[in-house]
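J.: model.csv is the file, holding CSV, C-alpha atoms and all ligand atoms:
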chain,number,residue,atom,x,y,z
B,17,MET,CA,71.5,57.0,-35.3
B,18,THR,CA,73.2,58.6,-38.4
B,19,SER,CA,71.3,59.6,-41.5
B,20,LEU,CA,73.0,60.2,-44.8
B,21,PRO,CA,71.4,62.0,-47.8
B,22,ASN,CA,70.9,59.9,-50.8
B,23,GLN,CA,74.3,60.5,-52.3
B,24,ASN,CA,77.5,58.6,-53.3
B,25,TYR,CA,80.7,58.7,-51.3
B,26,LEU,CA,84.2,57.5,-51.7
B,27,PRO,CA,85.2,55.0,-49.1
B,28,SER,CA,88.0,57.3,-47.9
B,29,GLN,CA,85.5,60.1,-47.4
B,30,LEU,CA,83.3,57.9,-45.3
B,31,GLU,CA,86.3,56.8,-43.3
B,32,MET,CA,87.1,60.5,-42.7
B,33,MET,CA,83.6,61.2,-41.5
B,34,PHE,CA,83.0,58.4,-39.1
B,35,ASN,CA,85.0,56.4,-36.7
B,36,LYS,CA,84.2,52.8,-35.9
B,37,GLU,CA,81.3,53.7,-33.6
B,38,THR,CA,79.8,55.7,-36.5
B,39,LYS,CA,80.4,59.0,-34.7
B,40,PRO,CA,81.5,61.9,-36.8
B,41,PHE,CA,85.3,62.1,-37.1
B,42,VAL,CA,85.2,65.8,-37.8
B,43,LYS,CA,84.2,67.6,-34.7
B,44,PRO,CA,82.2,70.8,-34.9
B,45,GLU,CA,83.1,72.1,-31.4
B,46,THR,CA,85.8,74.5,-30.2
B,47,LEU,CA,89.3,73.1,-30.4
B,48,LEU,CA,90.7,72.5,-27.0
B,49,ILE,CA,94.5,72.2,-26.7
B,50,GLY,CA,96.0,71.2,-23.3
B,51,VAL,CA,99.5,72.6,-22.6
B,52,CYS,CA,101.3,71.0,-19.7
B,53,GLY,CA,104.8,71.3,-18.3
B,54,GLY,CA,106.8,72.2,-15.1
B,55,SER,CA,106.5,75.6,-13.5
B,56,ALA,CA,108.2,78.3,-15.6
B,57,SER,CA,108.9,75.9,-18.5
B,58,GLY,CA,107.3,78.5,-20.8
B,59,LYS,CA,103.8,77.2,-21.1
B,60,THR,CA,102.3,80.7,-21.2
B,61,SER,CA,105.0,81.9,-23.6
B,62,VAL,CA,104.3,79.0,-26.0
B,63,CYS,CA,100.5,79.8,-25.9
B,64,ARG,CA,101.2,83.5,-26.6
B,65,GLU,CA,103.4,82.6,-29.6
B,66,ILE,CA,100.6,80.4,-31.0
B,67,ILE,CA,98.0,83.2,-30.5
B,68,LYS,CA,100.4,85.7,-32.2
B,69,GLN,CA,100.8,83.5,-35.2
B,70,LEU,CA,97.2,82.2,-35.6
B,71,LYS,CA,96.0,85.5,-37.2
B,72,GLY,CA,92.4,85.7,-38.1
B,73,LYS,CA,91.3,83.1,-35.6
B,74,LYS,CA,89.8,83.7,-32.3
B,75,VAL,CA,92.2,82.0,-29.9
B,76,ASP,CA,91.9,82.3,-26.1
B,77,ILE,CA,94.0,81.0,-23.1
B,78,ILE,CA,92.8,79.5,-19.9
B,79,ALA,CA,95.4,79.5,-17.1
B,80,GLN,CA,94.9,76.6,-14.8
B,81,ASP,CA,96.3,78.9,-12.1
B,82,TRP,CA,93.0,80.8,-12.1
B,83,PHE,CA,91.5,77.7,-10.5
B,84,TYR,CA,93.8,77.6,-7.4
B,85,LYS,CA,91.6,77.1,-4.3
B,86,PRO,CA,91.7,80.3,-2.2
B,87,LEU,CA,93.5,79.8,1.1
B,88,THR,CA,91.7,80.2,4.3
B,89,GLU,CA,92.8,82.9,6.8
B,90,GLU,CA,94.6,80.2,8.8
B,91,GLN,CA,96.4,78.8,5.8
B,92,ARG,CA,97.3,82.3,4.6
B,93,LYS,CA,99.1,83.0,7.9
B,94,ASP,CA,101.2,79.9,7.4
B,95,CYS,CA,101.4,79.9,3.5
B,96,GLY,CA,105.1,79.0,3.6
B,97,ASN,CA,104.0,75.5,4.6
B,98,TYR,CA,101.2,75.2,2.0
B,99,ASN,CA,101.8,72.9,-0.9
B,100,PHE,CA,100.7,74.6,-4.1
B,101,ASP,CA,102.3,71.9,-6.1
B,102,SER,CA,99.8,69.2,-5.2
B,103,PRO,CA,96.8,68.7,-7.6
B,104,LEU,CA,94.6,69.1,-4.4
B,105,ALA,CA,95.5,72.8,-4.4
B,106,ILE,CA,93.6,73.3,-7.6
B,107,ASP,CA,89.8,73.0,-8.3
B,108,LEU,CA,90.2,70.6,-11.2
B,109,ASP,CA,86.5,69.7,-11.1
B,110,LEU,CA,85.6,73.3,-11.8
B,111,LEU,CA,88.2,73.5,-14.6
B,112,THR,CA,86.7,70.3,-16.1
B,113,GLU,CA,83.2,71.6,-15.9
B,114,LYS,CA,84.3,74.8,-17.7
B,115,LEU,CA,86.0,72.9,-20.5
B,116,ARG,CA,82.8,70.8,-21.0
B,117,GLU,CA,80.8,74.0,-21.3
B,118,LEU,CA,83.3,75.3,-23.9
B,119,LYS,CA,82.8,72.0,-25.8
B,120,GLN,CA,79.1,72.7,-25.9
B,121,GLY,CA,79.8,76.0,-27.6
B,122,LYS,CA,79.2,78.1,-24.5
B,123,VAL,CA,81.0,81.3,-23.6
B,124,ILE,CA,82.4,80.7,-20.1
B,125,GLN,CA,83.4,82.8,-17.1
B,126,CYS,CA,86.5,81.7,-15.2
B,127,PRO,CA,87.7,82.8,-11.8
B,128,ASP,CA,90.8,84.9,-11.2
B,129,TYR,CA,93.6,84.2,-8.6
B,130,ASP,CA,96.0,86.5,-6.9
B,131,PHE,CA,99.4,84.9,-6.2
B,132,VAL,CA,100.3,87.6,-3.6
B,133,THR,CA,97.3,87.1,-1.4
B,134,HIS,CA,96.5,83.5,-2.4
B,135,SER,CA,92.9,84.4,-2.9
B,136,ARG,CA,90.3,84.8,-5.7
B,137,THR,CA,89.9,88.3,-7.0
B,138,LYS,CA,86.6,89.9,-8.0
B,139,LYS,CA,87.7,89.7,-11.6
B,140,THR,CA,86.5,87.0,-13.9
B,141,HIS,CA,87.9,85.9,-17.3
B,142,GLN,CA,85.4,85.5,-20.1
B,143,VAL,CA,86.7,82.8,-22.5
B,144,SER,CA,85.4,81.8,-26.0
B,145,GLY,CA,86.9,81.1,-29.4
B,146,ASP,CA,87.8,78.8,-32.2
B,147,VAL,CA,90.8,77.5,-30.3
B,148,ILE,CA,91.3,77.5,-26.5
B,149,LEU,CA,94.7,76.8,-25.0
B,150,ILE,CA,94.6,75.4,-21.5
B,151,GLU,CA,97.9,75.8,-19.8
B,152,GLY,CA,99.1,74.6,-16.4
B,153,ILE,CA,101.2,72.1,-14.4
B,154,PHE,CA,98.1,69.8,-13.8
B,155,THR,CA,96.3,70.1,-17.1
B,156,PHE,CA,97.0,66.4,-17.9
B,157,GLU,CA,96.2,65.3,-14.3
B,158,THR,CA,92.9,63.4,-14.8
B,159,LYS,CA,91.6,61.2,-17.6
B,160,GLU,CA,88.5,63.4,-17.8
B,161,LEU,CA,90.7,66.4,-18.6
B,162,ARG,CA,92.9,64.6,-21.0
B,163,ASP,CA,89.9,63.2,-22.9
B,164,LEU,CA,88.5,66.7,-23.5
B,165,TYR,CA,91.6,67.9,-25.4
B,166,ASP,CA,91.9,67.7,-29.2
B,167,MET,CA,95.6,68.0,-28.8
B,168,LYS,CA,98.1,67.7,-25.9
B,169,ILE,CA,101.3,69.6,-25.8
B,170,PHE,CA,104.1,69.1,-23.2
B,171,VAL,CA,106.7,71.9,-22.7
B,172,ASP,CA,110.0,70.3,-21.6
B,173,VAL,CA,112.7,72.5,-20.3
B,174,ASP,CA,115.7,71.6,-18.0
B,175,SER,CA,115.0,72.2,-14.3
B,176,ASP,CA,117.9,74.6,-13.7
B,177,ILE,CA,116.5,76.9,-16.4
B,178,ARG,CA,113.0,76.6,-15.0
B,179,LEU,CA,114.3,77.4,-11.5
B,180,SER,CA,116.3,80.5,-12.8
B,181,ARG,CA,113.2,81.8,-14.6
B,182,ARG,CA,111.0,81.1,-11.6
B,183,ILE,CA,113.3,83.1,-9.3
B,184,LEU,CA,113.2,86.1,-11.7
B,185,ARG,CA,109.5,85.9,-12.2
B,186,ASP,CA,108.3,85.2,-8.7
B,187,THR,CA,110.5,87.9,-7.1
B,188,SER,CA,109.4,90.5,-9.6
B,189,GLU,CA,105.8,89.5,-10.3
B,190,ARG,CA,104.5,87.3,-7.5
B,191,GLY,CA,105.8,89.2,-4.4
B,192,ARG,CA,108.3,86.5,-3.3
B,193,THR,CA,111.9,86.7,-1.8
B,194,LEU,CA,114.8,84.8,-3.3
B,195,LYS,CA,115.1,82.7,-0.1
B,196,GLY,CA,111.4,82.0,-0.2
B,197,VAL,CA,111.4,80.9,-3.9
B,198,ILE,CA,114.4,78.5,-3.4
B,199,GLU,CA,112.9,77.0,-0.2
B,200,GLN,CA,109.5,76.5,-1.8
B,201,TYR,CA,111.2,75.0,-4.9
B,202,LEU,CA,113.2,72.4,-2.9
B,203,ARG,CA,110.4,71.5,-0.5
B,204,PHE,CA,107.3,71.5,-2.8
B,205,VAL,CA,107.9,72.4,-6.5
B,206,LYS,CA,110.6,69.9,-7.4
B,207,PRO,CA,109.0,66.9,-5.6
B,208,GLY,CA,105.6,67.9,-7.0
B,209,PHE,CA,107.0,68.1,-10.5
B,210,GLU,CA,108.6,64.6,-10.2
B,211,SER,CA,105.4,63.0,-8.7
B,212,PHE,CA,102.7,64.6,-10.8
B,213,VAL,CA,104.0,66.4,-13.9
B,214,VAL,CA,106.8,64.1,-15.2
B,215,PRO,CA,104.5,61.0,-15.2
B,216,LYS,CA,102.0,62.9,-17.4
B,217,ARG,CA,104.5,63.6,-20.1
B,218,LYS,CA,103.7,60.3,-21.8
B,219,PHE,CA,100.2,61.5,-22.6
B,220,ALA,CA,101.5,64.3,-24.8
B,221,ASP,CA,101.0,64.3,-28.6
B,222,VAL,CA,103.7,66.8,-29.0
B,223,ILE,CA,106.7,67.6,-26.8
B,224,ILE,CA,108.2,71.1,-27.2
B,225,LEU,CA,111.8,71.2,-26.1
B,226,ARG,CA,113.2,74.6,-24.9
B,227,GLY,CA,109.7,76.2,-25.0
B,228,ALA,CA,108.7,79.2,-27.0
B,229,SER,CA,112.2,79.8,-28.4
B,230,ASN,CA,111.9,76.5,-30.3
B,231,LYS,CA,110.6,78.1,-33.6
B,232,VAL,CA,110.7,74.8,-35.6
B,233,ALA,CA,108.5,73.0,-33.1
B,234,ILE,CA,106.1,76.0,-32.9
B,235,ASP,CA,105.8,76.2,-36.7
B,236,LEU,CA,105.1,72.4,-37.0
B,237,LEU,CA,102.5,72.8,-34.2
B,238,LEU,CA,100.8,75.7,-36.0
B,239,GLU,CA,100.5,73.7,-39.2
B,240,ARG,CA,98.8,70.9,-37.3
B,241,ILE,CA,96.5,73.3,-35.5
B,242,LYS,CA,95.5,74.8,-38.9
B,243,VAL,CA,94.7,71.3,-40.2
B,244,GLU,CA,92.6,70.6,-37.1
B,245,LEU,CA,90.8,73.9,-37.5
B,246,ARG,CA,90.0,73.1,-41.1
B,247,ASN,CA,88.5,69.8,-40.0
B,248,HIS,CA,86.4,71.6,-37.4
B,249,GLU,CA,85.2,74.1,-39.9
B,250,ILE,CA,84.2,71.4,-42.4
B,251,GLY,CA,82.5,69.7,-39.5
B,252,LYS,CA,80.6,72.9,-38.6
B,253,LYS,CA,79.3,73.2,-42.1
B,254,GLN,CA,78.4,69.6,-42.6
B,255,LEU,CA,77.0,68.5,-39.3
B,256,LYS,CA,73.8,69.5,-37.8
B,257,PHE,CA,72.8,68.2,-34.4
B,258,ASN,CA,69.1,67.6,-33.9
B,259,SER,CA,67.4,67.5,-30.6
B,260,LYS,CA,67.8,63.7,-30.3
B,261,SER,CA,71.6,64.0,-30.7
B,262,THR,CA,71.6,62.3,-34.0
B,263,TYR,CA,73.9,63.5,-36.7
B,264,THR,CA,72.7,64.7,-40.1
B,265,LEU,CA,75.1,65.4,-43.0
B,266,GLU,CA,74.2,68.2,-45.3
B,267,ASN,CA,75.5,69.9,-48.4
B,268,LEU,CA,78.5,67.6,-48.9
B,269,THR,CA,80.3,68.3,-52.2
B,270,ILE,CA,82.0,65.1,-53.3
B,271,PRO,CA,84.4,64.8,-56.4
B,272,THR,CA,83.2,62.3,-59.0
B,273,PHE,CA,85.9,59.5,-59.3
B,274,LYS,CA,85.2,56.0,-58.4
B,275,LYS,CA,82.1,55.9,-56.3
B,276,VAL,CA,80.3,53.6,-53.9
B,277,SER,CA,76.6,53.6,-53.4
B,278,ILE,CA,75.2,53.9,-49.9
B,279,LYS,CA,71.6,53.2,-49.5
B,280,ASN,CA,69.7,54.9,-46.7
N,1,LIG,N1,112.5,81.1,-24.1
N,1,LIG,C1,112.6,81.9,-23.0
N,1,LIG,N2,113.7,82.6,-22.8
N,1,LIG,C2,113.8,83.4,-21.7
N,1,LIG,N3,112.9,83.6,-20.8
N,1,LIG,C3,111.7,82.9,-21.0
N,1,LIG,C4,111.5,82.0,-22.1
N,1,LIG,N4,110.3,81.5,-22.0
N,1,LIG,C5,109.7,82.0,-20.9
N,1,LIG,N5,110.6,82.9,-20.3
N,1,LIG,C6,110.3,83.6,-19.0
N,1,LIG,O1,110.2,82.7,-18.0
N,1,LIG,C7,109.2,83.0,-17.1
N,1,LIG,C8,108.2,81.8,-17.1
N,1,LIG,O2,107.6,81.7,-18.4
N,1,LIG,P1,106.1,81.3,-18.6
N,1,LIG,O3,105.9,81.3,-20.0
N,1,LIG,O4,105.2,82.2,-17.8
N,1,LIG,O5,106.1,79.9,-18.0
N,1,LIG,P2,105.0,79.0,-17.4
N,1,LIG,O6,103.7,79.5,-17.9
N,1,LIG,O7,105.3,77.6,-17.8
N,1,LIG,O8,105.0,79.1,-15.9
N,1,LIG,C9,108.6,84.3,-17.6
N,1,LIG,O9,109.1,85.4,-16.9
N,1,LIG,C10,109.0,84.3,-19.1
N,1,LIG,O10,109.2,85.7,-19.5
N,2,LIG,O1,99.5,81.0,-4.5
N,2,LIG,C1,100.3,80.3,-5.2
N,2,LIG,C2,99.8,79.5,-6.2
N,2,LIG,C3,100.7,78.8,-7.0
N,2,LIG,N1,102.1,79.0,-6.8
N,2,LIG,C4,103.0,78.3,-7.7
N,2,LIG,O2,102.7,78.4,-9.0
N,2,LIG,C5,103.2,77.4,-9.8
N,2,LIG,C6,102.4,77.1,-11.0
N,2,LIG,O3,102.3,78.2,-11.8
N,2,LIG,P1,103.2,78.3,-13.1
N,2,LIG,O4,102.7,79.6,-13.8
N,2,LIG,O5,103.0,77.1,-13.9
N,2,LIG,O6,104.6,78.5,-12.7
N,2,LIG,C7,103.3,76.2,-8.9
N,2,LIG,O7,104.5,75.5,-9.0
N,2,LIG,C8,103.1,76.8,-7.4
N,2,LIG,O8,104.2,76.5,-6.7
N,2,LIG,C9,102.5,79.8,-5.8
N,2,LIG,O9,103.8,79.9,-5.6
N,2,LIG,N2,101.6,80.5,-5.0
Spell out the structure here as structure tokens.
Ligand SMILES: Nc1ncnc2c1ncn2[C@@H]1O[C@H](COP(=O)(O)OP(=O)(O)O)[C@@H](O)[C@H]1O
Ligand SMILES: O=c1ccn([C@@H]2O[C@H](COP(=O)(O)O)[C@@H](O)[C@H]2O)c(=O)[nH]1
T.:
Amino acid sequence: MTSLPNQNYLPSQLEMMFNKETKPFVKPETLLIGVCGGSASGKTSVCREIIKQLKGKKVDIIAQDWFYKPLTEEQRKDCGNYNFDSPLAIDLDLLTEKLRELKQGKVIQCPDYDFVTHSRTKKTHQVSGDVILIEGIFTFETKELRDLYDMKIFVDVDSDIRLSRRILRDTSERGRTLKGVIEQYLRFVKPGFESFVVPKRKFADVIILRGASNKVAIDLLLERIKVELRNHEIGKKQLKFNSKSTYTLENLTIPTFKKVSIKN
């Protein structure tokens, strides 16, 4: 149930505040932005660019890679045959649970993953903020995940460029050999991309071609994020949740043009 103070509102303002199910349109929670795309498309780089430019806001990243399931001793011995490009390789349930906690305003602790040993490290990542960017190849994989995002971004880069970047990155940062990277790419990465990542592109609100070097796309995105943030801040000031999960609107300042009367 929603209660309004005895005040007059413009129809457009009421429309702004409620959707058809009379739930508030403005959301007071943390803004969650899902960033999906193929391996080495530049998802992390796009997120870093957004963070750099959103000065004055607390923005954090969650790497879906932190949620890789650690390999057993057996699997580790034969890791060349392990498919890291299947959604089954990631604990998506844990990721979903963590995002739900963020939506409830909690500060969360995420696991850490070591690409060299294919195991969880002792480290944890504490995440909180006004905006949280969640990046990874399977971030759009389930409806539960997609429904949690306020905005969905897909980073779209040609596969030859992604493979070249992956070779450079994985041989220098992830302890791989050139032969190993190419074999893994042809056997698992490319088929996984085609089966799981490409079909999720259609769920994106925004598609960024060429990744972080696409300054025009990043600028447009930043403008939109700022609008969303303003809506969330208005929401935070105006909405108070009581223990029965009803919404109460408070301290709303409304300009005085043509008014409609709403009776409680
Ligand atoms: N626009 C770009 N130009 C050149 N190199 C890039 C660009 N974007 C990313 N890279 C490099 O490509 C690699 C993968 O980028 P990253 O942002 O980590 O991709 P993802 O998070 O999608 O795997 C990194 O080594 C990064 O420095
Ligand atoms: O132990 C592992 C875990 C994952 N991978 C590969 O990582 C990429 C996803 O990470 P990006 O940062 O998006 O590139 C995925 O394609 C896996 O193949 C791995 O090689 N080893």
J.: May I ask you to write as a VMD selection string all residues lying at most 9 Å from ligand LIG 2 (chain N), with only C-alpha atoms and all ligand atoms counted?
T.: chain B and resid 52 to 60 79 to 81 84 to 87 95 98 to 102 105 to 106 129 to 135 151 to 154 178 182 185 to 186 190 192 197 200 to 201 204 to 206 208 to 209
J.: Keeping only C-alpha atoms, write the selected residues to a file as an mmCIF file, keeping the file's coordinate frame.
T.:
data_model
loop_
_atom_site.group_PDB
_atom_site.id
_atom_site.type_symbol
_atom_site.label_atom_id
_atom_site.label_comp_id
_atom_site.auth_asym_id
_atom_site.auth_seq_id
_atom_site.Cartn_x
_atom_site.Cartn_y
_atom_site.Cartn_z
ATOM 1 C CA CYS B 52 101.300 71.000 -19.700
ATOM 2 C CA GLY B 53 104.800 71.300 -18.300
ATOM 3 C CA GLY B 54 106.800 72.200 -15.100
ATOM 4 C CA SER B 55 106.500 75.600 -13.500
ATOM 5 C CA ALA B 56 108.200 78.300 -15.600
ATOM 6 C CA SER B 57 108.900 75.900 -18.500
ATOM 7 C CA GLY B 58 107.300 78.500 -20.800
ATOM 8 C CA LYS B 59 103.800 77.200 -21.100
ATOM 9 C CA THR B 60 102.300 80.700 -21.200
ATOM 10 C CA ALA B 79 95.400 79.500 -17.100
ATOM 11 C CA GLN B 80 94.900 76.600 -14.800
ATOM 12 C CA ASP B 81 96.300 78.900 -12.100
ATOM 13 C CA TYR B 84 93.800 77.600 -7.400
ATOM 14 C CA LYS B 85 91.600 77.100 -4.300
ATOM 15 C CA PRO B 86 91.700 80.300 -2.200
ATOM 16 C CA LEU B 87 93.500 79.800 1.100
ATOM 17 C CA CYS B 95 101.400 79.900 3.500
ATOM 18 C CA TYR B 98 101.200 75.200 2.000
ATOM 19 C CA ASN B 99 101.800 72.900 -0.900
ATOM 20 C CA PHE B 100 100.700 74.600 -4.100
ATOM 21 C CA ASP B 101 102.300 71.900 -6.100
ATOM 22 C CA SER B 102 99.800 69.200 -5.200
ATOM 23 C CA ALA B 105 95.500 72.800 -4.400
ATOM 24 C CA ILE B 106 93.600 73.300 -7.600
ATOM 25 C CA TYR B 129 93.600 84.200 -8.600
ATOM 26 C CA ASP B 130 96.000 86.500 -6.900
ATOM 27 C CA PHE B 131 99.400 84.900 -6.200
ATOM 28 C CA VAL B 132 100.300 87.600 -3.600
ATOM 29 C CA THR B 133 97.300 87.100 -1.400
ATOM 30 C CA HIS B 134 96.500 83.500 -2.400
ATOM 31 C CA SER B 135 92.900 84.400 -2.900
ATOM 32 C CA GLU B 151 97.900 75.800 -19.800
ATOM 33 C CA GLY B 152 99.100 74.600 -16.400
ATOM 34 C CA ILE B 153 101.200 72.100 -14.400
ATOM 35 C CA PHE B 154 98.100 69.800 -13.800
ATOM 36 C CA ARG B 178 113.000 76.600 -15.000
ATOM 37 C CA ARG B 182 111.000 81.100 -11.600
ATOM 38 C CA ARG B 185 109.500 85.900 -12.200
ATOM 39 C CA ASP B 186 108.300 85.200 -8.700
ATOM 40 C CA ARG B 190 104.500 87.300 -7.500
ATOM 41 C CA ARG B 192 108.300 86.500 -3.300
ATOM 42 C CA VAL B 197 111.400 80.900 -3.900
ATOM 43 C CA GLN B 200 109.500 76.500 -1.800
ATOM 44 C CA TYR B 201 111.200 75.000 -4.900
ATOM 45 C CA PHE B 204 107.300 71.500 -2.800
ATOM 46 C CA VAL B 205 107.900 72.400 -6.500
ATOM 47 C CA LYS B 206 110.600 69.900 -7.400
ATOM 48 C CA GLY B 208 105.600 67.900 -7.000
ATOM 49 C CA PHE B 209 107.000 68.100 -10.500
#
J.: Take CA of Val123 in chain B and CA of Val143 in chain B and report the distance between them in Å, one decimal.
T.: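 Pair CA of Val123 in chain B / CA of Val143 in chain B returns 6.0 Å.
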J.: Taking all atoms of range 187-203 of chain B that the file lists, what box with edges along x, y and z, padded by 8 Å per side, do you get, with centre and edge lengths in Å to one decimal, as lines of an AutoDock Vina configuration file?
T.:
center_x = 109.8
center_y = 81.0
center_z = -5.2
size_x = 26.6
size_y = 35.0
size_z = 26.2
J.: Could you give me, as a short mmCIF file (atom, residue, chain, number, x, y, z; two decimals) with C-alpha atoms, keeping the file's coordinate frame, the residues that sit within 8 Å of (89.2, 64.6, -14.3) in the file's coordinates, counting only C-alpha atoms?
T.:
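The file below, result-v2.cif, is the result:
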data_model
loop_
_atom_site.label_atom_id
_atom_site.label_comp_id
_atom_site.auth_asym_id
_atom_site.auth_seq_id
_atom_site.Cartn_x
_atom_site.Cartn_y
_atom_site.Cartn_z
CA LEU B 108 90.20 70.60 -11.20
CA ASP B 109 86.50 69.70 -11.10
CA THR B 112 86.70 70.30 -16.10
CA GLU B 157 96.20 65.30 -14.30
CA THR B 158 92.90 63.40 -14.80
CA LYS B 159 91.60 61.20 -17.60
CA GLU B 160 88.50 63.40 -17.80
CA LEU B 161 90.70 66.40 -18.60
CA ARG B 162 92.90 64.60 -21.00
#
J.: Name all residues at most 10 Å from Leu115 in chain B (count all atoms listed in the file; drop same-chain ones fewer than 2 positions away) and give them as a VMD selection string.
T.: chain B and resid 46 48 78 109 to 113 117 to 122 124 148 150 161 164 to 165
J.: Could you list, as a list in words, every residue within 7 Å of Asp172 in chain B, counting only C-alpha atoms and ignoring same-chain residues fewer than 4 positions away?
T.: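 Contacts, in chain order: Gly53, Ser57, Ile223, Ile224, Leu225, Arg226 and Gly227 of chain B.
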J.: My list of candidates is B:Ile49, B:Leu70, B:Val147, B:Ala228. Which is closest to ligand LIG 1 (chain N) when distances are computed with all atoms listed in the file?
T.: B:Ala228
J.: When you count only C-alpha atoms and all ligand atoms, which of these residues is closest to ligand LIG 1 (chain N): B:Ser229, B:Phe170, B:Gly96, B:Lys73?
T.: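 The closest residue to ligand LIG 1 (chain N) is B:Ser229.
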J.: Could you tell me how far CA of Asp221 in chain B lies from atom O6 of ligand LIG 1 (chain N), in Å and to one decimal?
T.: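 About the pair CA of Asp221 in chain B and atom O6 of ligand LIG 1 (chain N): they are 18.8 Å apart.
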J.: Could you please determine the separation between CA of Ile169 in chain B and CA of Val222 in chain B in Å, to one decimal place?
T.: 4.9 Å
J.: For ligand LIG 1 (chain N), which residue out of B:Lys168, B:Gly50, B:Gly145, B:Arg181 is the nearest one, using all atoms listed in the file?
T.: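 Using all atoms listed in the file, the shortest distance to ligand LIG 1 (chain N) belongs to B:Arg181.
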J.: Counting only C-alpha atoms and all ligand atoms, which residue out of B:Ile67, B:Leu238, B:Leu184, B:Val75 sits closest to ligand LIG 1 (chain N)?
T.: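 When distances to ligand LIG 1 (chain N) are compared using only C-alpha atoms and all ligand atoms, the smallest one comes from B:Leu184.
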J.: Between B:Asp76, B:Glu249, B:Thr187, B:Arg136, single out the one closest to Thr88 in chain B, counting only C-alpha atoms.
T.: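 Once distances to Thr88 in chain B are computed over only C-alpha atoms, the minimum belongs to B:Arg136.
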J.: When you look at Arg240 in chain B with a cut-off of 10 Å (counting all atoms listed in the file), what residues show up, excluding the ones that are within fewer than 6 positions of it in the same chain? I need them as a ChimeraX atom specification.
T.: /B:167,234,246
J.: For a quick check of understanding, using all atoms listed in the file, which of B:Asp146, B:Glu189, B:Lys71, B:Thr140 has the smallest distance to ligand LIG 1 (chain N)?
T.: B:Glu189
J.: Take the structure in the block and write a file for range 76-89 of chain B, N, CA and C atoms, as a PDB file, in the first residue's frame.
T.:
ATOM      1  N   ASP B  76      32.123   1.171  -7.808  1.00  0.00           N
ATOM      2  CA  ASP B  76      32.909  -0.030  -7.580  1.00  0.00           C
ATOM      3  C   ASP B  76      32.680  -1.037  -8.715  1.00  0.00           C
ATOM      4  N   ILE B  77      33.614  -1.979  -8.863  1.00  0.00           N
ATOM      5  CA  ILE B  77      33.470  -3.020  -9.896  1.00  0.00           C
ATOM      6  C   ILE B  77      33.364  -4.379  -9.236  1.00  0.00           C
ATOM      7  N   ILE B  78      32.533  -5.235  -9.802  1.00  0.00           N
ATOM      8  CA  ILE B  78      32.568  -6.658  -9.450  1.00  0.00           C
ATOM      9  C   ILE B  78      32.996  -7.390 -10.713  1.00  0.00           C
ATOM     10  N   ALA B  79      34.078  -8.171 -10.622  1.00  0.00           N
ATOM     11  CA  ALA B  79      34.486  -8.995 -11.756  1.00  0.00           C
ATOM     12  C   ALA B  79      33.823 -10.359 -11.587  1.00  0.00           C
ATOM     13  N   GLN B  80      33.040 -10.738 -12.584  1.00  0.00           N
ATOM     14  CA  GLN B  80      32.389 -12.042 -12.518  1.00  0.00           C
ATOM     15  C   GLN B  80      33.434 -13.160 -12.398  1.00  0.00           C
ATOM     16  N   ASP B  81      34.638 -12.889 -12.906  1.00  0.00           N
ATOM     17  CA  ASP B  81      35.725 -13.885 -12.825  1.00  0.00           C
ATOM     18  C   ASP B  81      36.052 -14.293 -11.377  1.00  0.00           C
ATOM     19  N   TRP B  82      35.794 -13.402 -10.420  1.00  0.00           N
ATOM     20  CA  TRP B  82      36.043 -13.756  -9.006  1.00  0.00           C
ATOM     21  C   TRP B  82      35.219 -14.971  -8.590  1.00  0.00           C
ATOM     22  N   PHE B  83      34.120 -15.211  -9.355  1.00  0.00           N
ATOM     23  CA  PHE B  83      33.165 -16.250  -8.951  1.00  0.00           C
ATOM     24  C   PHE B  83      33.403 -17.568  -9.682  1.00  0.00           C
ATOM     25  N   TYR B  84      34.576 -17.699 -10.374  1.00  0.00           N
ATOM     26  CA  TYR B  84      34.900 -18.998 -10.982  1.00  0.00           C
ATOM     27  C   TYR B  84      34.950 -20.053  -9.890  1.00  0.00           C
ATOM     28  N   LYS B  85      34.390 -21.228 -10.181  1.00  0.00           N
ATOM     29  CA  LYS B  85      34.441 -22.311  -9.196  1.00  0.00           C
ATOM     30  C   LYS B  85      35.871 -22.845  -9.156  1.00  0.00           C
ATOM     31  N   PRO B  86      36.444 -22.998  -7.966  1.00  0.00           N
ATOM     32  CA  PRO B  86      37.818 -23.509  -7.894  1.00  0.00           C
ATOM     33  C   PRO B  86      37.887 -24.928  -8.435  1.00  0.00           C
ATOM     34  N   LEU B  87      38.982 -25.235  -9.148  1.00  0.00           N
ATOM     35  CA  LEU B  87      39.135 -26.585  -9.708  1.00  0.00           C
ATOM     36  C   LEU B  87      39.565 -27.557  -8.617  1.00  0.00           C
ATOM     37  N   THR B  88      39.123 -28.785  -8.742  1.00  0.00           N
ATOM     38  CA  THR B  88      39.588 -29.824  -7.809  1.00  0.00           C
ATOM     39  C   THR B  88      41.017 -30.185  -8.218  1.00  0.00           C
ATOM     40  N   GLU B  89      41.705 -30.929  -7.346  1.00  0.00           N
ATOM     41  CA  GLU B  89      43.076 -31.348  -7.620  1.00  0.00           C
ATOM     42  C   GLU B  89      43.138 -32.109  -8.954  1.00  0.00           C
TER      43      GLU B  89
END
